[in-house]
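Everything below concerns the one structure shown next.
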Amino acid sequence: MRNPLGPPLRRASVSALALAAIWAPGTARATVPAAPPSPEAPRIPFAERYRVVQRGGIVRAANASVSCRATAGDPSEALCPAARAGQVPAVNGDFDMFYVDVDDDPHTYNSSRAEVRLPEGSRVTYARLYWGGNLLAGEQKPARDDGRVLIAEPGGQYKELLADTVVGHRAEGGTDAFQASAEITDLVRSSGPGLWTVGQVNAAKGRSAPGAWGGWTLVVAYQNPAEPLRTLALWDGFDSLDRAAEVRLNGLRVPRGADGRVGLVAYNGDRGDTGDSLTYSVAGRAPTPLADSVDPADDVLNSTINDPGPVRARREPAYDNALGYDSDVFDLGTGLAQGGDQLSFRLVSQRDAAWAGALFAAVDVQ
């Protein structure tokens, strides 16, 4: 399990969550002392963050913080609504990108909402918020704010949240990319399901060839006595996908007929640029590609926020094309039917200049 930073920063992070500036939409923000930012690193290798065997599963809420805008006189003006709806092929580099802002609060410049959906009778056992973006597009955003974000529980008010672990920050290929995260188990356990709002993700707006992008994902592990016994695992890191990102559930014995799901958080995947894939395998067997009706096997990083099943979690806004942000959940399907051990996942991008941020899995055990 990945270790957090030492006690001084951890205490500062907890204090910021509990005592930070809090305001209702439309009211003035209180003034509080600034807390120290988290350290940064250009590359953070993927490592296990959380793992438990219990009856239950993992859900997530996610949304983009940046999207295209229809700017008068811009040749792409008419394409923006169709691009958001997924009706035309488009990538973030095609547009003058601007902030998504749903909260009607003049003190925030970006905000979006998404639903945490928990089965009845569930108890939250772990929750972590991930957020990230590109600091360089039509403007250069300062990196000092990478480790800060605002979060509001369903029906609640904004709280400042500070990253409790090293922030990934890497500049290359015309981008200045970062990801930060913080554990918020107690807040999610006490607040429960519903629409969560995240604001002030430190991402740039404007136009550039690589494009602007940003978003957030809240990963929630839960215990529920009515569900199968499962291994619940979460890995995270931050690195560009010029090399394969691979994670393993070492020592896991998958029974015959097992079921499961896996989720992925990634940045700057472009829809239509093929060559990126997410596969899984059990020791001794050929890899099985993950895909569904909106995520092709050879374009899995295609700017979607997708859930399996007929009922999708709510989002505000609910754009089909997230234009540079991916947070997808896949059914593992028939690849586990024969059972086995040493389950592993492999993410590859051969064309997109993309970054991997987190991967989580819930898999039946004996």
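By convention in this document, the chains of the structure tokens carry letters A, B, ... by their order, each chain's residues are numbered from 1, and ligands are numbered from 1 in the order they are shown.
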A:Arg253 environment, 9 Å, only C-alpha atoms, sequence neighbours closer than 6 positions dropped, as a PyMOL selection string: chain A and resi 339-343+365-366
Could you give me, as CSV, a per-residue list for stretch 193-262 of chain A showing, wherever an atom lies at most 12 Å from an atom of stretch 302-320 of chain A, the closest pair of atoms and their distance in Å to one decimal, using only C-alpha atoms and sorting by chain then residue number from low to high?
residue,atom,partner,partner_atom,distance
A:Pro193,CA,A:Ala313,CA,10.8
A:Gly194,CA,A:Arg314,CA,8.9
A:Leu195,CA,A:Arg314,CA,7.6
A:Trp196,CA,A:Arg315,CA,9.3
A:Thr197,CA,A:Glu316,CA,9.0
A:Val198,CA,A:Glu316,CA,10.9
A:Trp213,CA,A:Ser303,CA,10.0
A:Gly214,CA,A:Ser303,CA,10.9
A:Gly215,CA,A:Ile305,CA,10.4
A:Trp216,CA,A:Ile305,CA,10.6
A:Thr217,CA,A:Ile305,CA,9.7
A:Gly260,CA,A:Pro308,CA,11.4
A:Arg261,CA,A:Pro308,CA,9.0
A:Val262,CA,A:Pro308,CA,10.4
Export N, CA and C atoms of the chosen residues as a PDB file, in the first residue's frame?
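Dumped to selection.pdb:
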ATOM      1  N   PRO A 193     -24.462   8.890  -0.481  1.00  0.00           N
ATOM      2  CA  PRO A 193     -24.642   9.010  -1.924  1.00  0.00           C
ATOM      3  C   PRO A 193     -25.313  10.317  -2.321  1.00  0.00           C
ATOM      4  N   GLY A 194     -25.266  10.586  -3.630  1.00  0.00           N
ATOM      5  CA  GLY A 194     -25.870  11.794  -4.165  1.00  0.00           C
ATOM      6  C   GLY A 194     -24.888  12.530  -5.048  1.00  0.00           C
ATOM      7  N   LEU A 195     -25.252  13.753  -5.429  1.00  0.00           N
ATOM      8  CA  LEU A 195     -24.429  14.560  -6.322  1.00  0.00           C
ATOM      9  C   LEU A 195     -23.341  15.295  -5.537  1.00  0.00           C
ATOM     10  N   TRP A 196     -22.091  14.998  -5.867  1.00  0.00           N
ATOM     11  CA  TRP A 196     -20.939  15.676  -5.286  1.00  0.00           C
ATOM     12  C   TRP A 196     -20.440  16.727  -6.278  1.00  0.00           C
ATOM     13  N   THR A 197     -19.988  17.863  -5.755  1.00  0.00           N
ATOM     14  CA  THR A 197     -19.491  18.957  -6.580  1.00  0.00           C
ATOM     15  C   THR A 197     -18.014  19.176  -6.300  1.00  0.00           C
ATOM     16  N   VAL A 198     -17.225  19.303  -7.358  1.00  0.00           N
ATOM     17  CA  VAL A 198     -15.798  19.597  -7.230  1.00  0.00           C
ATOM     18  C   VAL A 198     -15.495  20.835  -8.064  1.00  0.00           C
ATOM     19  N   TRP A 213      -7.359  20.491 -20.880  1.00  0.00           N
ATOM     20  CA  TRP A 213      -8.162  19.413 -20.315  1.00  0.00           C
ATOM     21  C   TRP A 213      -8.047  19.421 -18.797  1.00  0.00           C
ATOM     22  N   GLY A 214      -9.016  18.817 -18.156  1.00  0.00           N
ATOM     23  CA  GLY A 214      -9.013  18.696 -16.699  1.00  0.00           C
ATOM     24  C   GLY A 214     -10.263  17.980 -16.231  1.00  0.00           C
ATOM     25  N   GLY A 215     -10.177  17.370 -15.043  1.00  0.00           N
ATOM     26  CA  GLY A 215     -11.331  16.667 -14.495  1.00  0.00           C
ATOM     27  C   GLY A 215     -11.021  16.038 -13.160  1.00  0.00           C
ATOM     28  N   TRP A 216     -11.994  15.321 -12.628  1.00  0.00           N
ATOM     29  CA  TRP A 216     -11.859  14.716 -11.301  1.00  0.00           C
ATOM     30  C   TRP A 216     -12.625  13.404 -11.223  1.00  0.00           C
ATOM     31  N   THR A 217     -12.171  12.513 -10.343  1.00  0.00           N
ATOM     32  CA  THR A 217     -12.830  11.236 -10.092  1.00  0.00           C
ATOM     33  C   THR A 217     -12.790  10.929  -8.604  1.00  0.00           C
ATOM     34  N   GLY A 260     -16.363  -9.410 -12.276  1.00  0.00           N
ATOM     35  CA  GLY A 260     -15.629  -8.268 -11.759  1.00  0.00           C
ATOM     36  C   GLY A 260     -15.739  -7.060 -12.655  1.00  0.00           C
ATOM     37  N   ARG A 261     -15.220  -5.948 -12.139  1.00  0.00           N
ATOM     38  CA  ARG A 261     -15.171  -4.697 -12.888  1.00  0.00           C
ATOM     39  C   ARG A 261     -13.840  -4.024 -12.649  1.00  0.00           C
ATOM     40  N   VAL A 262     -13.438  -3.201 -13.607  1.00  0.00           N
ATOM     41  CA  VAL A 262     -12.217  -2.426 -13.473  1.00  0.00           C
ATOM     42  C   VAL A 262     -12.495  -1.013 -13.958  1.00  0.00           C
TER      43      VAL A 262
END
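Residue neighbourhood of A:Val149, excluding near-sequence residues (fewer than 4 positions): A:Trp131, A:Asp145, A:Lys159, A:Glu160, A:Leu161, A:Leu162, A:Ala163, A:Val198, A:Gly199, A:Gln200, A:Val201, A:Asn202, at 9 Å, using only C-alpha atoms.
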Just want the 8 Å neighbourhood of A:Gly263, counted on only C-alpha atoms, with same-chain residues fewer than 5 positions away dropped. Output as a VMD selection string. chain A and resid 327 to 330 359 to 361
Resulting file, chosen residues, N, CA and C atoms, as an mmCIF file, in the first residue's frame:
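Saved file selection.cif follows:
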data_model
loop_
_atom_site.group_PDB
_atom_site.id
_atom_site.type_symbol
_atom_site.label_atom_id
_atom_site.label_comp_id
_atom_site.auth_asym_id
_atom_site.auth_seq_id
_atom_site.Cartn_x
_atom_site.Cartn_y
_atom_site.Cartn_z
ATOM 1 N N SER A 327 -12.686 8.647 -17.531
ATOM 2 C CA SER A 327 -12.935 7.957 -16.270
ATOM 3 C C SER A 327 -13.983 6.894 -16.567
ATOM 4 N N ASP A 328 -13.513 5.688 -16.877
ATOM 5 C CA ASP A 328 -14.380 4.626 -17.382
ATOM 6 C C ASP A 328 -14.364 3.410 -16.476
ATOM 7 N N VAL A 329 -15.506 2.716 -16.430
ATOM 8 C CA VAL A 329 -15.633 1.457 -15.698
ATOM 9 C C VAL A 329 -16.077 0.385 -16.683
ATOM 10 N N PHE A 330 -15.394 -0.777 -16.656
ATOM 11 C CA PHE A 330 -15.660 -1.871 -17.585
ATOM 12 C C PHE A 330 -16.020 -3.143 -16.822
ATOM 13 N N LEU A 359 -6.204 3.328 -11.360
ATOM 14 C CA LEU A 359 -6.914 2.149 -11.824
ATOM 15 C C LEU A 359 -7.442 1.410 -10.616
ATOM 16 N N PHE A 360 -8.687 0.928 -10.687
ATOM 17 C CA PHE A 360 -9.274 0.216 -9.552
ATOM 18 C C PHE A 360 -10.029 -1.006 -10.050
ATOM 19 N N ALA A 361 -10.143 -2.015 -9.193
ATOM 20 C CA ALA A 361 -10.795 -3.264 -9.598
ATOM 21 C C ALA A 361 -11.551 -3.860 -8.423
#
Based on DSSP run over this structure's backbone, return all residues of stretch 162-322 of chain A in strand (DSSP E), as a ChimeraX atom specification. /A:162,167-172,175-183,194-199,214-223,229-240,245-254,260-267,276-281,288-289,305-306,315-316
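Among the candidate residues A:Ala137, A:Ala204, A:Ala127, A:Arg60, the one lying nearest to A:Leu264 is A:Arg60, with distances computed using only C-alpha atoms.
For the residues A:Val52, A:Ala226, A:Ala356, A:Leu301, ranking by smallest atom-to-atom distance to A:Leu323 using only C-alpha atoms places A:Leu301 first.
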DSSP on the backbone, then: every residue of stretch 87-322 of chain A marked alpha helix (DSSP H), written as a short mmCIF file (atom, residue, chain, number, x, y, z; two decimals) with N, CA and C atoms, in the first residue's frame.
data_model
loop_
_atom_site.label_atom_id
_atom_site.label_comp_id
_atom_site.auth_asym_id
_atom_site.auth_seq_id
_atom_site.Cartn_x
_atom_site.Cartn_y
_atom_site.Cartn_z
N THR A 185 -12.39 9.53 3.17
CA THR A 185 -13.27 8.45 3.61
C THR A 185 -14.31 8.93 4.60
N ASP A 186 -13.89 9.67 5.62
CA ASP A 186 -14.83 10.09 6.66
C ASP A 186 -15.93 10.99 6.09
N LEU A 187 -15.55 11.90 5.19
CA LEU A 187 -16.54 12.80 4.62
C LEU A 187 -17.56 12.04 3.78
N VAL A 188 -17.11 11.10 2.94
CA VAL A 188 -18.04 10.35 2.10
C VAL A 188 -18.89 9.41 2.95
N ARG A 189 -18.30 8.80 3.98
CA ARG A 189 -19.06 7.90 4.85
C ARG A 189 -20.18 8.64 5.56
N SER A 190 -19.90 9.85 6.02
CA SER A 190 -20.91 10.60 6.76
C SER A 190 -21.93 11.27 5.85
N SER A 191 -21.53 11.59 4.62
CA SER A 191 -22.42 12.34 3.71
C SER A 191 -23.22 11.44 2.79
#
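With only C-alpha atoms as the atoms that count, the residue of A:Trp235, A:Tyr50, A:Phe178, A:Tyr280 with the shortest distance to A:Ala354 is A:Phe178.
Of the residues under consideration (A:Pro81, A:Gly211, A:Gly156, A:Gly168), A:Gly211 shows the shortest atom-to-atom contact distance to A:Gly138 when counting only C-alpha atoms.
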Close residues, A:Arg55 itself excluded, 12 Å, only C-alpha atoms, min 2 positions apart in chain, as an MDAnalysis selection string: chainID A and resid 52:53 57:58 121:125 221:232 362:366
Could you name the residues that touch stretch 82-94 of chain A at 12 Å or less, counting only C-alpha atoms, but leaving out those on the same chain fewer than 3 positions away, as JSON, numbers by chain? {"A": [64, 66, 67, 68, 69, 70, 74, 75, 76, 77, 78, 79, 97, 98, 100, 134, 137, 138, 174, 175, 205, 206, 207, 208, 209, 210, 211, 212, 213, 214, 267, 268, 269, 270, 271, 272, 273, 294, 301, 302, 303, 304, 317, 318, 319, 320, 321, 322, 323, 324, 325, 352, 353]}
